[in-house]
Structures are given as structure tokens and as C-alpha cells.
Amino acid sequence: MGRIVLRFLAVIGALFIFIVVAGLLIAAVRGKGSVHSKTVLEVNLETGLIENIPDDPVAQAMLRDKPIVRDVVDAIDKASTDARVAGMVARFGASTVGVAQAQEVRDAVIRFRGHKKFAYAFAEGFGGDGGPGTSAYYLATAFDRIYLQPSGDVQLTGIVMESPFIAGSLEKLGMKFHGDHRYEYKTALNLFTEKKFTPAHKESYEKIMNSWYGQIVNGISQAREIPVDQVKALIDRAPFLGQEAVDAKLVDGLKYRDEVYDEAKSKAGSDAELLYLDKYLDRAGRPHTTGKTVALIYGVGTVTRARSSYDPIFGSPSMGSDTVAGAIRAAVKDKDVKAILFRVDSPGGSYVASDAIWHEVALARNAGKPVIVSMGDLAGSGGYFVAMGADKIVAQPGTITASIGVLSGKMLTTGGWNKLGVSWDEVHAGNNATIFTGTHDYTPQEWARFQASLDRVYVDFTRKVADGRHLPKERVLEIAKGRIWSGEDARQLGLVDELGGFDVALKLTKQAINVSQDEDVNLKVFPKKKNFMEALLSRGAENSEKEANADVMVRALQIIQPVARSMQMLTGVSDRELVMPLADPAQ
């Protein structure tokens, strides 16, 4: 039986590898091609955006068609000065793009239009069937014309921030979570310990929500030339059905997709051709390839120990301290590298892993290599920890950042086991040997050590924020307490230096290495990106041959079973907060 299962897995894995390799070979045979003298770029913004594709064969297979933020921005910026490109047409829909990601692309589109290029937006509907469309519409307002399918709606319904609480469920199961945090705004544990928002939890959510709301309203107001008060009134009336959206001046007309594309090609010239954005970038070449070398390093996903990885079940990457710290060391050793641009998009994670990356950032600066951080949608807790020691930090107004604090704890499961008729017993050696087990609550001595560990992390975190951001310690203690801030608010508090995206971070990088703004720099990714086969072979090299083959087979099965995404089991602390090693989500 075991041999039959193994053969089945081998066949599935072989088919998966064959399909991916065949796709790569077909793409190679097609070649780069050329850019037509009258080109209209076609951009698909309906599928959402990602920050980076990890060097993982499964990630490369699953995410290969997902647009990457940097690729979109680089392609638009490249096209803005390319005489062959007359304009662009972008498709929108139900995708919930993050506020900061929307701002990153909005800025690029506005720069594109500043070079006398046209930009049209089209949507069958802003929002899905029964879903919101606020962030998608906000992004679309950067385009000079917005078209809606006649049967479509504009679901500009505003913002809602929801959070589940399972303390009641745990009570029914006879289980309880016991832990603590520093301090009241460090709210991830509330999932397990509360039945509704605490005052601090509600306050921090409302502050973020109101900051986002103001940014979105102001952006729509400026782009559509509608007074702010009127935009707010429109949001309160939404959703808008077809012609209602035209009457409200939210869209410029009702047209089907082919009609919008025909109009775009007509505006560009009778013989204009459409070209997908990714193909354009491949054919025209990426910007920032000449001049002094700047290392580009990605820190994306939950901060963990060991190497960066990708979870195909939940579609989530990790920022492994070994990988990111190694990339920073390599950039420091490279004599051609003059500075480091560190792109961070992370909800936090392991304290010790975050500290390892922070240390390498400090060593890079000591070695004379300036470090500039560009934040994506999220740089909170451990995501802020790895960034706070940089020379300069850039965030979008909508970036969620800070959350300077720590939490930890454990699930007490004995009551649940009792309901199942399962009993536990144990023997132990060492006064604190039971500190990690879920079948025992903390003893007074264990609780004292637990609290000391939380205090140690919080003191270390706040001290390093004060040193890195040149803020008085007392001020840091006022604005820390585990609280999240929007980039807009973080700028006012001194937690970030500038508001913007890749373009602003590049400007600061050039200043740091005394390069004039009209000169270019060569962005070199560290570690060097691997293609699919390189990633597959390197993964096999990390393990024994037997383990590697089994791993590939299991991952192949995971790919063809997307239903597994809906089967997440509750196993521990949320990975969206900086945690101490007692509850390290990497373990």
C-alpha cells in the first residue's frame, strides 16, 4: 500500500514539474519581442498585488501570474518616458488592494499622466457581487477617465474593520488562553481572551480607520474635483447603480470593455497595439539598471527564524532571519554596493529573529552602507523592529506601522481534553519545566519568569526605537504600548521620516550616497533571484534526497488541493504581533 501511495505522489509531482517547466520553455521560445511604436499598456489590477515572489518552487508556480508592486511601478515609470507608449488602460473589479499599495500605484499613474500620457480605468463593477469596492475605486481615481460596464455598480461604501473573538468558543470547549502583553494596545491576544473590543482595541482601530477614510476621501476629492463634504455624502449614499454613478460624477461613462479598449486605441492612433504591462517590462527593460549599485532587499511576511519560506496552504510568505540577514551581509561585503534599499511588508513575528535582522542593519550602517527602508502595506511590530535602525524610513500614508510592544502566552487545554475523555499525567525535572505545556497553568515562579521576559523585550524594543529614531525615551513610551499607527500619523510622531513609495525611497537613497536626482542608480536584488529550476534544485540540496522528493510530492498535492486553504486550525498565537520566544510562531 505504501508503495502505491508513493507512486501516486511521484506521478502527481512529476506532472506538476512537467507543466511548470513546459510553461517556462514555451515562454522562452516566444522570446522578448518588441514594443510597437504606438503602444497602449494593458494593466490588470483586478487580481490584487503582492510584494515579492519567494525563491520557492511552489511559490513561483502559484504566484507567477500575480502582479508585483515593484514590477507595476517600474513598468509605469519606464513607460512614462517611452515615446512608444501613448497611454494605458487598466481593469478593476472586486480585488481589495491595500490602502498603501493603492497609494503606491496611484502615485506612479499620476507621474505617468504628468508626461502627457492618457490613462483609462475600466471595471465591470467596483466591488464584487455583494463585496466592497472602496479601495479599488480609490486607486482608479488616479486615472483621467473611469468607465463602468452599464450593468455594473460602484460600491464605494466606506471602510469597516472587523475582528473575531473566540473566548466564548474556548469556554464551551473547556479551554482558556493565558498570556500577557506590553501594553494595552497590543491586541492580538484579544482574539482568545475577549468577546468584543476593549476600549484600547477600539480606539486604535478607529484611529487607523479614520486616517484611511480621510486619505481616501481627500484623494477622491482631488482626483474627481468633487468637494470633500460631497464625497463623504456620496459614500453615505453608496452603492451606486450604473447611471447613478455617472450622475454623481464618480465615473465618466458606461461602456463595455471592448468599447473602452477601442477608445484607448483610437486615442493612441489607428494602428495602436495593446501590450500587457508585464510583457512591456520584459521587452523594454526595467529602469534603474545603470549607475552606482544599490542593494534591494525584501523583508516580506511573518518574521521567523531560519530561512525565508512560503506556506502554500495559506498563501503566506515568511521573512526568515537567516535569509534576510545573509542578504544584508552580502550587500555589505559587495564593494560595488553603495547603499541598501530595504523593502519591508510584515505583520511581525519572532522577537529573536527580528533582533537578528536589526543587528545586521546596524552593522551595515557602521560599515558605511546607508540603509533606507520603504514600507509596504504593513510594517508592524517585528516588521517595524527590523526597520527602526535604518538611516531613513519611508511609508505610505496608509501603511500600518509601529505596534511597539510584545505579547506571549499559551493555550490551557486540559478542560477540552477532559470533555473528550482524555486525561494527561506527567513527571518533570526542573522547577519551571512545565512553563510551556498547555496541560498546566503557570506556577507563580513560572509566571514571574514569563513577566520578566515580556519586560525584557519591551525595554529592549523601546530603547532601540529611541536610539534609532532619535526620540526621547519618555516620548517613545507614550506612543508605544503596542499601538498601531497609520503612516500618516507615524510621520507626525517621528516614527517614519517621509511619506511615499519606492520613488521617495530612491530619492533619499541617492541623497545618502551623493548622487544627483537626475542620475540613475542600479538596483541589484539580494539575494540573487532564482528561477524555478534553481529554486527546486536548491531546495533539494537543503535536505536529503529522500526528504526532498517527499517534500516536492507533498507540495504538489497541496497545489491541487486549494480547498485546504479553508481548513486552517487554531494552533497558537496570532502571527501579526511581535512575540517573545516563549510563543514563537516559527516553532
# chains A, B, ... in the order shown; residues from 1 in each chain; ligands from 1
call {"tool": "residues_around", "arguments": {"residues": "stretch 379-382 of chain A", "least_positions_apart": "3", "cutoff": "9 Å", "atoms": "only C-alpha atoms", "output": "PyMOL selection string"}}
result
chain A and resi 302-303+344-351+353-355+375-376+385-387+395+399-406+482+484-485+576-579
call {"tool": "closest_atom_pairs", "arguments": {"of": "stretch 85-180 of chain A", "to": "stretch 267-281 of chain A", "cutoff": "10 Å", "atoms": "only C-alpha atoms", "output": "tab-separated table"}}
result
residue	atom	partner	partner_atom	distance
A:Val85	CA	A:Ala268	CA	8.5
A:Ala86	CA	A:Ala268	CA	5.5
A:Gly87	CA	A:Ala268	CA	7.0
A:Met88	CA	A:Leu274	CA	8.7
A:Val89	CA	A:Leu274	CA	9.0
A:Ala90	CA	A:Leu277	CA	9.7
A:Lys117	CA	A:Ala268	CA	9.5
A:Phe118	CA	A:Lys267	CA	8.6
call {"tool": "residues_around", "arguments": {"residues": "stretch 237-239 of chain A", "least_positions_apart": "4", "cutoff": "6 Å", "atoms": "only C-alpha atoms", "output": "list in words"}}
result
Val154, Gln155, Leu156 and Thr157 of chain A
call {"tool": "write_last_selection", "arguments": {"atoms": "C-alpha atoms", "output": "mmCIF file, in the first residue's frame"}}
result
data_model
loop_
_atom_site.group_PDB
_atom_site.id
_atom_site.type_symbol
_atom_site.label_atom_id
_atom_site.label_comp_id
_atom_site.auth_asym_id
_atom_site.auth_seq_id
_atom_site.Cartn_x
_atom_site.Cartn_y
_atom_site.Cartn_z
ATOM 1 C CA VAL A 154 -19.787 51.432 -7.745
ATOM 2 C CA GLN A 155 -19.778 50.013 -4.224
ATOM 3 C CA LEU A 156 -17.993 52.953 -2.622
ATOM 4 C CA THR A 157 -19.405 52.072 0.778
#
call {"tool": "closest_residue", "arguments": {"among": "A:Gly242, A:Trp358, A:Pro370, A:Gly291", "to": "A:Gln517", "atoms": "only C-alpha atoms"}}
result
A:Gly291
call {"tool": "residues_around", "arguments": {"residues": "A:His428", "least_positions_apart": "6", "cutoff": "12 Å", "atoms": "only C-alpha atoms", "output": "ChimeraX atom specification"}}
result
/A:434-435,437,440
call {"tool": "write_last_selection", "arguments": {"atoms": "C-alpha atoms", "output": "PDB file, in the first residue's frame"}}
result
ATOM      1  CA  THR A 434       6.007  22.942  32.774  1.00  0.00           C
ATOM      2  CA  ILE A 435       6.184  26.577  31.634  1.00  0.00           C
ATOM      3  CA  THR A 437       2.857  22.869  28.423  1.00  0.00           C
ATOM      4  CA  HIS A 440      -0.619  23.148  33.274  1.00  0.00           C
TER       5      HIS A 440
END
call {"tool": "closest_residue", "arguments": {"among": "A:Pro199, A:Pro287, A:Tyr185, A:Lys335", "to": "A:Thr81", "atoms": "only C-alpha atoms"}}
result
A:Pro287
call {"tool": "atom_distance", "arguments": {"atom1": "atom CA of A:Thr193", "atom2": "atom CA of A:Gly438"}}
result
15.6 Å
call {"tool": "residues_around", "arguments": {"residues": "A:Ser151", "least_positions_apart": "5", "cutoff": "9 Å", "atoms": "only C-alpha atoms", "output": "VMD selection string"}}
result
chain A and resid 124 to 125 241 to 242 254
call {"tool": "write_last_selection", "arguments": {"atoms": "C-alpha atoms", "output": "PDB file, in the first residue's frame"}}
result
ATOM      1  CA  GLU A 124     -17.373  45.601 -14.763  1.00  0.00           C
ATOM      2  CA  GLY A 125     -18.131  46.761 -11.248  1.00  0.00           C
ATOM      3  CA  LEU A 241     -26.065  51.626  -9.752  1.00  0.00           C
ATOM      4  CA  GLY A 242     -24.824  52.252 -13.293  1.00  0.00           C
ATOM      5  CA  LEU A 254     -20.969  53.489 -19.147  1.00  0.00           C
TER       6      LEU A 254
END
call {"tool": "select_by_dssp", "arguments": {"residues": "stretch 109-314 of chain A", "states": "strand (DSSP E)", "output": "count of residues only"}}
result
41
call {"tool": "closest_residue", "arguments": {"among": "A:Lys481, A:Val217, A:Gly174, A:Ile146", "to": "A:Leu420", "atoms": "only C-alpha atoms"}}
result
A:Gly174
call {"tool": "residues_around", "arguments": {"residues": "A:Asp82", "least_positions_apart": "3", "cutoff": "12 Å", "atoms": "only C-alpha atoms", "output": "PyMOL selection string"}}
result
chain A and resi 35-41+75-79+85-87+112+115-117+280-281+284-285+287
call {"tool": "write_last_selection", "arguments": {"atoms": "C-alpha atoms", "output": "compact mmCIF listing (two decimals), in the first residue's frame"}}
result
# COMPACT_ATOMS: atom_id res chain seq x y z
CA VAL A 35 7.39 47.32 -28.37
CA HIS A 36 5.16 48.79 -31.10
CA SER A 37 5.64 52.46 -31.98
CA LYS A 38 2.08 53.17 -30.79
CA THR A 39 1.53 51.07 -27.71
CA VAL A 40 -1.26 51.13 -25.14
CA LEU A 41 -0.37 49.31 -21.95
CA ALA A 75 6.81 49.41 -15.77
CA ILE A 76 4.63 52.50 -15.43
CA ASP A 77 7.64 54.70 -14.65
CA LYS A 78 9.59 53.24 -17.57
CA ALA A 79 6.65 53.81 -19.91
CA VAL A 85 3.83 54.28 -25.20
CA ALA A 86 0.84 56.55 -25.72
CA GLY A 87 -1.20 55.57 -22.71
CA PHE A 112 2.72 58.73 -15.88
CA HIS A 115 4.26 63.09 -19.05
CA LYS A 116 1.15 63.84 -21.17
CA LYS A 117 0.06 60.20 -21.39
CA TYR A 280 6.21 45.57 -21.73
CA LEU A 281 8.60 45.47 -18.77
CA ALA A 284 11.53 47.43 -22.72
CA GLY A 285 13.72 46.55 -19.76
CA PRO A 287 14.52 51.04 -15.04
call {"tool": "residues_around", "arguments": {"residues": "stretch 497-500 of chain A", "least_positions_apart": "2", "cutoff": "10 Å", "atoms": "only C-alpha atoms", "output": "compact mmCIF listing (two decimals) with C-alpha atoms, in the first residue's frame"}}
result
# COMPACT_ATOMS: atom_id res chain seq x y z
CA ALA A 100 -0.73 51.66 0.93
CA GLN A 103 -1.25 54.75 -2.98
CA GLU A 104 1.96 53.31 -4.42
CA ASP A 107 1.49 57.83 -7.38
CA VAL A 373 13.55 51.42 4.38
CA SER A 374 10.50 51.50 2.11
CA MET A 375 7.38 50.17 3.83
CA GLY A 376 4.51 48.46 2.02
CA ASP A 391 19.03 55.81 8.25
CA LYS A 392 15.66 56.78 6.80
CA ILE A 393 12.20 55.20 6.83
CA VAL A 394 9.61 55.86 4.11
CA ALA A 395 5.97 54.78 4.47
CA GLN A 396 2.81 55.45 2.56
CA PRO A 397 0.15 57.47 4.41
CA GLY A 398 -1.90 54.26 4.56
CA THR A 399 0.85 51.94 5.81
CA ARG A 469 14.58 57.40 15.73
CA GLY A 487 1.98 56.04 8.12
CA GLU A 488 0.39 59.49 8.13
CA ALA A 490 3.62 57.80 12.30
CA ARG A 491 5.25 60.61 10.29
CA GLN A 492 3.90 63.19 12.71
CA LEU A 493 5.15 61.12 15.65
CA GLY A 494 8.66 60.76 14.23
CA LEU A 495 8.41 57.00 13.71
CA PHE A 502 9.72 53.37 -3.99
CA ASP A 503 10.30 56.70 -5.74
CA VAL A 504 10.69 58.64 -2.48
CA ALA A 505 12.93 55.93 -1.01
CA LEU A 508 16.59 59.52 -0.19
